[in-house]
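Here's the structure we're looking at; comments come further down.
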Amino acid sequence: MGGRTQTDDHTRLGGERQKGLLSVIVPCFNEEKALPYFYAEATKVLSEMPVRYEIVLVDDGSRDGTLRLAKELSGRDRHVRYLSFSRNFGKEAAMYAGFCNVHGDYVVVMDADLQDPPSLLPKMLRIIQGGEYDSVATRRENREGEPPVRSFCARLFYRIVNRISDADIVDGARDFRLMTRDMVDAIVAMGEYNRFSKGIFGWVGFRTYWLAYENVERVAGETKWSFWKLLRYALDGIINFSQAPLSAVSWFGIVMTFLAVIVLIVLVVRRLVWGDPVAGWASLACIIIFIGGLELFCLGIIGQYVSRIFLETKHRPHFIVEDSNVEDVKKIR
Ligand code: UDP
Ligand code: MG
């Protein structure tokens with residue numbers, strides 16, 4: 001069964017679910033340099049796989065020629081569909097839009113920069129078609145080509161987040177993951193506004209097969225992740241999947257109060273028994289500043305949660321599609 005010969009009903013895509021279809025979601029933000037390489041490589045692999053496929057390019061408000069290229073590719077190749085956002089909403093929103101708008105029995109998310117090697121797809125499909133697993137996830141074995149500070153921080157993040165959160169987040173896990181329709185439906189049902197997919201994938205459960213591979217550097221263009229963006233992402237991961245910081249704040253409060261009571265008793269006893277005057281405004285000032293700082297820090301942690309509640313309660317859409325050739329496209333969700 002060649003993929004190419006079975007594509008005639010592809011024009012019916014959209015609407016209901018398609019049996020035996022593999023949907024490839026590709027979030028693209030300013031990827032005009034990398035996308036042609038991705039398209040060529042992915043098409044080469046996919047057309048030789050025993051399955052029908054569609055490639056859904058999600059243009060996340062790119063400012064370069066990504067959309068033009070996506071339109072051109074979809075005009076040329078009936079396997080290609082595109083969705084284009086009204087502005088940059090971020091990779092999480094792009095993935096969500098993809099999940100909401102594909103109809104395959106199997107769904108895979110891949111970066112446009114070939115850091116997720118298409119050559120792994122046949123193996124992943126074989127594993128999932130075996131029926132034993134609902135998801136085939138990938139993990140980088142090493143972090144070669146990455147600055148050492150970044151690797152160190154990443155390791156630290158995974159250690160912390162796994163200790164305190166209820167989602168299993170694997171070190172080096174990529175968003176490159178092949179899933180069954182059941183799992184994708186579960187992910188779509190998680191309509192939270194603050195999305196952290198690495199946590200969501202773990203949270204929904206299902207049987208997951210982990211596939212490790214050597215890190216590959218991006219084929220062209222530049223990474224969109226600065227150190228600060230990564231740090232914010234890491235904080236998101238912790239706050240979205242753990243209440244541990246909130247309990248820590250309560251414990252801080254309890255311990256501090258307890259210490260203050262003990263110090264107070266000591267001071268009163270010293271005054272009454274030995275008649276020692278309480279001396280030293282400098283030490284007092286230090287204590288006040290220390291406690292004040294601690295209070296603000298704790299308020300900040302609570303504020304992080306409150307700001308997320310604020311965003312969740314507004315029920316703003318995750319994405320707004322401005323242009324697309326997907327039939328029955330969900331434009332806003
Ligand atoms: N991406 C996106 N929206 C963004 C940032 C990134 O859709 O706001 C896409 C990007 O085009 C790429 C994938 O997400 O296909 C991963 O981005 P990148 O390669 O910059 O991240 P890295 O691999 O360095 O973690
Ligand atoms: Mg990349």
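Naming works like this for the structure tokens: A, B, ... for the chains as they're shown, residue 1 at the start of each chain, ligands 1 onward in shown order.
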To check your reading of the model: which residues sit at most 6 Å from ligand 1 when counting only C-alpha atoms and all ligand atoms? Write the answer as a compact mmCIF listing (two decimals) with N, CA and C atoms, in the first residue's frame.
# COMPACT_ATOMS: atom_id res chain seq x y z
N PRO A 27 4.02 23.35 13.99
CA PRO A 27 3.97 24.76 14.37
C PRO A 27 5.12 25.51 13.72
N CYS A 28 4.82 26.64 13.06
CA CYS A 28 5.88 27.37 12.35
C CYS A 28 5.83 28.85 12.73
N PHE A 29 6.92 29.34 13.25
CA PHE A 29 7.02 30.77 13.52
C PHE A 29 8.32 31.26 12.87
N GLU A 31 9.68 30.47 9.92
CA GLU A 31 10.45 29.30 9.51
C GLU A 31 10.65 29.23 8.00
N ASP A 60 2.22 30.51 13.03
CA ASP A 60 1.95 31.21 14.29
C ASP A 60 2.29 32.70 14.17
N GLY A 90 2.24 31.77 20.19
CA GLY A 90 3.15 30.85 20.89
C GLY A 90 2.95 29.41 20.43
N LYS A 91 4.00 28.61 20.65
CA LYS A 91 3.98 27.24 20.17
C LYS A 91 2.87 26.41 20.80
N ALA A 94 -0.21 27.05 18.98
CA ALA A 94 -0.12 26.47 17.64
C ALA A 94 -0.39 24.97 17.69
N ASP A 111 8.50 19.77 15.00
CA ASP A 111 9.05 21.10 14.75
C ASP A 111 9.40 21.24 13.28
N ALA A 112 9.41 22.50 12.83
CA ALA A 112 9.69 22.74 11.42
C ALA A 112 11.19 22.75 11.11
N ASP A 113 12.02 22.62 12.12
CA ASP A 113 13.46 22.82 11.90
C ASP A 113 14.24 21.51 11.78
N THR A 223 16.70 29.61 16.75
CA THR A 223 15.77 29.21 17.82
C THR A 223 15.02 30.44 18.32
N LYS A 224 13.77 30.20 18.75
CA LYS A 224 12.95 31.32 19.24
C LYS A 224 13.03 31.43 20.74
N TRP A 225 13.91 30.63 21.35
CA TRP A 225 13.94 30.59 22.81
C TRP A 225 15.14 31.34 23.37
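With distances restricted to only C-alpha atoms, A:Glu192 is the closest residue to A:Pro317 from A:Glu192, A:Glu214, A:Glu295, A:Asp166.
Minimum distance to A:Phe201 across A:Thr138, A:Ser247, A:Gln129, A:Ser226 (counting only C-alpha atoms) occurs at A:Thr138.
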Could you please determine the separation between atom CA of A:Asn325 and atom CA of A:Gly61 in Å, to one decimal place? 15.9 Å
Name the closest residue to A:Phe319 among the candidates A:Ile289, A:Leu267, A:Ile254, A:Met95; distances are taken between atoms, counting only C-alpha atoms. A:Met95
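Of the listed residues (A:Phe176, A:Phe152, A:Tyr209, A:Tyr158), A:Phe176 comes nearest to ligand 2; the distances count only C-alpha atoms and all ligand atoms.
Going from atom CA of A:Arg140 over to atom CA of A:Arg81, you cover 28.7 Å.
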